[in-house]
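Enquirer: Provided below: my_file30.tsv, containing TSV, C-alpha atoms.
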chain	number	residue	atom	x	y	z
A	192	MET	CA	28.02	-29.38	52.39
A	193	GLY	CA	28.67	-32.36	54.64
A	194	GLN	CA	25.03	-33.19	55.34
A	195	VAL	CA	24.80	-36.47	53.42
A	196	ALA	CA	26.96	-38.39	55.91
A	197	SER	CA	24.84	-37.25	58.83
A	198	MET	CA	21.51	-38.39	57.41
A	199	PRO	CA	20.00	-41.67	58.74
A	200	HIS	CA	21.47	-44.61	56.79
A	201	ARG	CA	19.33	-47.13	54.95
A	202	CYS	CA	20.75	-49.81	52.70
A	203	GLY	CA	20.49	-50.23	48.94
A	204	THR	CA	17.92	-48.13	47.14
A	205	TYR	CA	17.66	-45.42	49.79
A	206	VAL	CA	21.37	-44.61	49.67
A	207	LEU	CA	21.21	-44.30	45.89
A	208	GLU	CA	18.13	-42.09	46.17
A	209	LEU	CA	19.87	-39.87	48.70
A	210	HIS	CA	22.86	-39.29	46.45
A	211	GLU	CA	20.57	-38.59	43.50
A	212	TRP	CA	18.55	-36.09	45.51
A	213	TYR	CA	21.77	-34.40	46.63
A	214	ARG	CA	23.10	-34.22	43.06
A	215	LYS	CA	19.91	-32.65	41.74
A	216	PHE	CA	19.66	-30.30	44.69
A	217	VAL	CA	23.19	-29.01	44.09
A	218	GLU	CA	22.55	-28.68	40.34
A	219	GLU	CA	19.54	-26.46	40.96
A	220	CYS	CA	20.87	-24.77	44.10
A	221	PRO	CA	24.70	-24.55	43.97
A	222	SER	CA	24.76	-22.60	47.22
A	223	GLY	CA	23.08	-25.52	48.98
A	224	LEU	CA	20.20	-23.26	50.00
A	225	ILE	CA	16.81	-22.33	48.54
A	226	THR	CA	15.12	-19.02	49.29
A	227	LEU	CA	11.37	-18.53	49.09
A	228	HIS	CA	11.80	-16.49	45.90
A	229	GLU	CA	13.78	-19.29	44.23
A	230	PHE	CA	11.34	-21.94	45.39
A	231	ARG	CA	8.40	-20.01	43.99
A	232	GLN	CA	10.19	-19.73	40.65
A	233	PHE	CA	11.06	-23.43	40.51
A	234	PHE	CA	7.54	-24.38	41.56
A	235	SER	CA	5.80	-22.14	39.02
A	236	ASP	CA	7.92	-23.52	36.16
A	237	VAL	CA	6.31	-26.95	36.50
A	238	THR	CA	2.78	-26.02	37.56
A	239	VAL	CA	0.75	-23.11	36.26
A	240	GLY	CA	2.91	-20.05	36.72
A	241	GLU	CA	1.84	-17.34	39.11
A	242	ASN	CA	-1.27	-19.30	40.12
A	243	SER	CA	0.98	-21.63	42.13
A	244	SER	CA	2.64	-18.90	44.20
A	245	GLU	CA	0.40	-19.17	47.26
A	246	TYR	CA	0.64	-22.96	47.46
A	247	ALA	CA	4.40	-22.82	46.87
A	248	GLU	CA	4.76	-20.49	49.85
A	249	GLN	CA	2.94	-22.95	52.10
A	250	ILE	CA	5.06	-25.87	50.84
A	251	PHE	CA	8.19	-23.82	51.50
A	252	ARG	CA	7.05	-22.93	55.01
A	253	ALA	CA	6.46	-26.62	55.78
A	254	LEU	CA	9.92	-27.52	54.45
A	255	ASP	CA	11.61	-24.74	56.45
A	256	ASN	CA	11.71	-26.51	59.81
A	257	ASN	CA	13.70	-23.88	61.69
A	258	GLY	CA	11.80	-20.93	60.23
A	259	ASP	CA	14.88	-19.07	59.02
A	260	GLY	CA	13.43	-18.35	55.57
A	261	ILE	CA	15.84	-20.73	53.83
A	262	VAL	CA	15.55	-24.43	52.99
A	263	ASP	CA	18.82	-26.35	53.10
A	264	PHE	CA	19.54	-29.86	51.87
A	265	ARG	CA	18.91	-31.46	55.26
A	266	GLU	CA	15.45	-29.93	55.53
A	267	TYR	CA	14.67	-30.79	51.92
A	268	VAL	CA	15.80	-34.42	51.98
A	269	THR	CA	14.21	-35.07	55.38
A	270	ALA	CA	10.83	-34.08	53.98
A	271	ILE	CA	11.27	-35.91	50.67
A	272	SER	CA	12.50	-39.07	52.39
A	273	MET	CA	9.59	-39.04	54.79
A	274	LEU	CA	7.03	-38.42	52.03
A	275	ALA	CA	8.56	-41.22	49.95
A	276	HIS	CA	9.16	-43.78	52.69
A	277	GLY	CA	7.27	-42.64	55.79
A	278	THR	CA	4.17	-44.14	57.32
A	279	PRO	CA	0.73	-42.77	56.40
A	280	GLU	CA	0.64	-41.12	59.83
A	281	ASP	CA	3.98	-39.40	59.27
A	282	LYS	CA	2.92	-38.11	55.86
A	283	LEU	CA	-0.30	-36.71	57.28
A	284	LYS	CA	1.51	-35.05	60.18
A	285	TRP	CA	3.76	-33.29	57.68
A	286	SER	CA	0.78	-32.31	55.54
A	287	PHE	CA	-0.88	-30.86	58.65
A	288	LYS	CA	1.84	-28.19	58.67
A	289	LEU	CA	0.72	-27.03	55.23
A	290	TYR	CA	-2.72	-26.14	56.52
A	291	ASP	CA	-1.76	-24.94	60.02
A	292	LYS	CA	-0.44	-21.64	58.69
A	293	ASP	CA	0.13	-19.92	62.03
A	294	GLY	CA	1.64	-23.05	63.61
A	295	ASP	CA	-0.66	-23.06	66.63
A	296	GLY	CA	-1.44	-26.77	66.40
A	297	ALA	CA	-4.94	-26.39	64.97
A	298	ILE	CA	-6.42	-25.72	61.54
A	299	THR	CA	-9.18	-23.15	61.23
A	300	ARG	CA	-11.69	-23.08	58.42
A	301	SER	CA	-10.04	-19.97	56.98
A	302	GLU	CA	-6.60	-21.64	56.99
A	303	MET	CA	-7.99	-24.70	55.23
A	304	LEU	CA	-9.89	-22.58	52.73
A	305	GLU	CA	-6.81	-20.51	51.91
A	306	ILE	CA	-4.86	-23.63	50.89
A	307	MET	CA	-7.83	-25.15	49.09
A	308	ARG	CA	-8.28	-21.98	47.06
A	309	ALA	CA	-4.60	-22.03	46.10
A	310	VAL	CA	-4.74	-25.70	45.08
A	311	TYR	CA	-8.05	-25.21	43.31
A	312	LYS	CA	-6.71	-22.21	41.39
A	313	MET	CA	-3.87	-24.36	40.05
A	314	SER	CA	-6.17	-27.28	39.30
A	315	VAL	CA	-8.72	-25.21	37.40
A	316	VAL	CA	-6.09	-23.56	35.22
A	317	ALA	CA	-4.39	-26.88	34.53
A	318	SER	CA	-7.60	-28.74	33.69
A	319	LEU	CA	-9.96	-26.45	31.82
A	320	THR	CA	-12.10	-29.33	30.54
A	321	LYS	CA	-13.51	-30.26	33.96
A	322	VAL	CA	-17.28	-30.27	34.26
A	323	ASN	CA	-18.87	-28.77	37.40
A	324	PRO	CA	-15.94	-29.30	39.78
A	325	MET	CA	-16.40	-28.77	43.49
A	326	THR	CA	-15.51	-25.31	44.68
A	327	ALA	CA	-12.78	-24.69	47.23
A	328	GLU	CA	-15.47	-23.72	49.73
A	329	GLU	CA	-17.36	-26.97	49.14
A	330	CYS	CA	-14.19	-29.01	49.60
A	331	THR	CA	-13.36	-27.18	52.81
A	332	ASN	CA	-16.88	-27.58	54.19
A	333	ARG	CA	-16.93	-31.29	53.40
A	334	ILE	CA	-13.56	-31.84	55.05
A	335	PHE	CA	-14.63	-29.97	58.19
A	336	VAL	CA	-17.83	-32.01	58.43
A	337	ARG	CA	-15.81	-35.21	58.27
A	338	LEU	CA	-12.86	-34.24	60.47
A	339	ASP	CA	-14.11	-31.76	63.08
A	340	LYS	CA	-15.61	-34.43	65.31
A	341	ASP	CA	-16.06	-32.25	68.38
A	342	GLN	CA	-17.53	-29.44	66.25
A	343	ASN	CA	-15.39	-26.72	67.82
A	344	ALA	CA	-14.66	-25.11	64.42
A	345	ILE	CA	-11.01	-26.20	64.36
A	346	ILE	CA	-9.24	-29.40	63.32
A	347	SER	CA	-6.61	-30.69	65.72
A	348	LEU	CA	-3.63	-32.75	64.62
A	349	GLN	CA	-5.26	-35.88	66.04
A	350	GLU	CA	-8.52	-35.20	64.22
A	351	PHE	CA	-6.58	-34.51	61.02
A	352	VAL	CA	-4.61	-37.75	61.17
A	353	ASP	CA	-7.31	-40.07	62.50
A	354	GLY	CA	-10.01	-38.66	60.24
A	355	SER	CA	-7.84	-38.81	57.13
A	356	LEU	CA	-6.75	-42.38	57.81
A	357	GLY	CA	-10.39	-43.38	58.12
A	358	ASP	CA	-11.60	-41.58	54.99
A	359	GLU	CA	-9.86	-42.23	51.67
A	360	TRP	CA	-11.34	-39.17	49.95
A	361	VAL	CA	-10.20	-36.84	52.73
A	362	ARG	CA	-6.76	-38.44	52.91
A	363	GLN	CA	-6.10	-38.02	49.20
A	364	MET	CA	-7.34	-34.44	49.30
A	365	LEU	CA	-5.12	-33.48	52.23
A	366	GLU	CA	-1.98	-35.61	51.95
A	367	CYS	CA	0.85	-33.72	50.30
A	368	ASP	CA	1.66	-34.91	46.78
A	369	LEU	CA	5.32	-35.92	46.62
A	370	SER	CA	5.64	-34.53	43.10
A	371	THR	CA	5.07	-30.98	44.33
A	372	VAL	CA	8.26	-30.87	46.37
A	373	GLU	CA	10.70	-32.97	44.32
A	374	ILE	CA	13.53	-30.72	43.24
A	375	GLN	CA	14.14	-32.83	40.13
A	376	LYS	CA	10.85	-31.58	38.73
A	377	MET	CA	11.75	-27.97	39.42
A	378	THR	CA	13.57	-27.13	36.21
A	379	LYS	CA	12.72	-24.53	33.65
A	380	HIS	CA	12.54	-27.10	30.86
A	381	SER	CA	10.39	-29.69	32.62
A	382	HIS	CA	7.02	-30.75	31.27
A	383	LEU	CA	3.91	-30.14	33.33
A	384	PRO	CA	3.37	-32.97	35.81
A	385	ALA	CA	0.54	-35.41	35.29
A	386	ARG	CA	-2.79	-34.55	36.84
A	387	SER	CA	-2.57	-35.47	40.50
A	388	SER	CA	-4.98	-37.53	42.55
A	389	ARG	CA	-5.98	-34.35	44.39
A	390	GLU	CA	-7.03	-32.71	41.13
A	391	ARG	CA	-9.04	-35.77	40.07
A	392	LEU	CA	-10.82	-35.84	43.41
A	393	PHE	CA	-12.54	-32.51	42.82
A	394	HIS	CA	-15.14	-34.71	41.09
A	395	ALA	CA	-15.51	-37.11	44.02
A	396	ASN	CA	-18.98	-38.00	45.20
A	397	THR	CA	-20.12	-37.55	48.77
With the file now loaded, output its structure as structure tokens.
Expert:
Amino acid sequence: MGQVASMPHRCGTYVLELHEWYRKFVEECPSGLITLHEFRQFFSDVTVGENSSEYAEQIFRALDNNGDGIVDFREYVTAISMLAHGTPEDKLKWSFKLYDKDGDGAITRSEMLEIMRAVYKMSVVASLTKVNPMTAEECTNRIFVRLDKDQNAIISLQEFVDGSLGDEWVRQMLECDLSTVEIQKMTKHSHLPARSSRERLFHANT
């Protein structure tokens, strides 16, 4: 595909990681491209089936930088590299794209709630033994109280980043989990991933 040579070079471990990511990407996607349909299938194989479809679509949209409906290796590895090695600010800026569904630079309550419902649906199915977890609506309301500082009913990128950096509970709820976009976990014979910090935090206290 030719993209490996054009990626930013880092020494040692990063170069090895890059080649490993490329190998696994090509194994799963010989064409070098992932469509939304394929991504949904990969994603559902390691989460909770059809309950993950909505969240998978949002992850795919965030990965698809040029909006052409296809994720190539460059787009994939750029996101994975940033989520693995980027600063907290960079990770949160990427996560912001998950919630800003229409790409207008602000997150509405309905956009946040849509993602929270998708995540919550997966979490509930995957962890049936939870006792009195917070609802998606309660999570969304709490996040808006903490992040919407000017109370204009939307969360800007600056509010999202600054508020998350200053609130550990909010940050862990909103920051994208690296395990959800790693192609090496997207195989039909993989085991379900361990319960994520986001899932555990549905029990968090105010």
Enquirer: Please compute the CA of Ala253 in chain A-CA of Ala344 in chain A distance, one decimal, in Å.
Expert: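 Straight-line distance from CA of Ala253 in chain A to CA of Ala344 in chain A works out to 22.9 Å.
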Enquirer: For Leu338 in chain A, find every residue with an atom within 7 Å (counting all atoms listed in the file), except residues of its own chain fewer than 2 positions away, and show them as a PyMOL selection string.
Expert: chain A and resi 334-336+340+346+350-351+354
Enquirer: Please list as JSON, numbers by chain every residue within 12 Å of range 286-300 of chain A, counting all atoms listed in the file and excluding residues in the same chain fewer than 5 positions away.
Expert: {"A": [245, 246, 247, 248, 249, 250, 251, 252, 253, 254, 255, 256, 258, 270, 273, 274, 279, 280, 281, 305, 306, 307, 308, 309, 310, 327, 328, 329, 330, 331, 332, 333, 334, 335, 336, 338, 339, 342, 343, 344, 345, 346, 347, 348, 349, 350, 351, 352, 353, 355, 362, 363, 364, 365, 366, 367, 368, 369, 372]}
Enquirer: Please, what distance in Å, to one decimal, runs between CA of Phe216 in chain A and CA of His228 in chain A?
Expert: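 Distance reported for this atom pair: 15.9 Å.
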Enquirer: Report the distance between CA of Tyr213 in chain A and CA of Phe264 in chain A in Å, rounded to one decimal place.
Expert: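 Answer for the CA of Tyr213 in chain A to CA of Phe264 in chain A separation: 7.3 Å.
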Enquirer: Hey, which of A:Ile261, A:Leu283, A:Leu304, A:Ile271 ends up closest to Val361 in chain A? Count only C-alpha atoms.
Expert: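 For Val361 in chain A, the nearest of the candidates is A:Leu283.
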Enquirer: Which of these, A:Thr278, A:Ser244, A:Asn257, A:Ser272, has the shortest distance to Leu356 in chain A once you count only C-alpha atoms?
Expert: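 Smallest distance to Leu356 in chain A is found for A:Thr278.
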Enquirer: Rank nothing, just name the residue among A:Trp285, A:Tyr311, A:Trp360, A:Tyr267 nearest to Lys215 in chain A, using only C-alpha atoms.
Expert: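 Nearest to Lys215 in chain A: A:Tyr267.
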Enquirer: Go through A:Ser222, A:Arg231, A:Lys282, A:Gly277 one by one, measure the shortest atom-to-atom distance of each to Asp263 in chain A using only C-alpha atoms, and give the residue with the smallest value.
Expert: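 Of A:Ser222, A:Arg231, A:Lys282, A:Gly277, the one nearest Asp263 in chain A is A:Ser222, counting only C-alpha atoms.
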Enquirer: Would you compute an axis-aligned box for range 331-348 of chain A, covering every atom listed for it in the file with 5 Å of margin on each side, and report centre and edge lengths in Å to one decimal as JSON?
Expert:
{"center_x": -10.7, "center_y": -30.2, "center_z": 60.6, "size_x": 24.2, "size_y": 20.1, "size_z": 25.6}
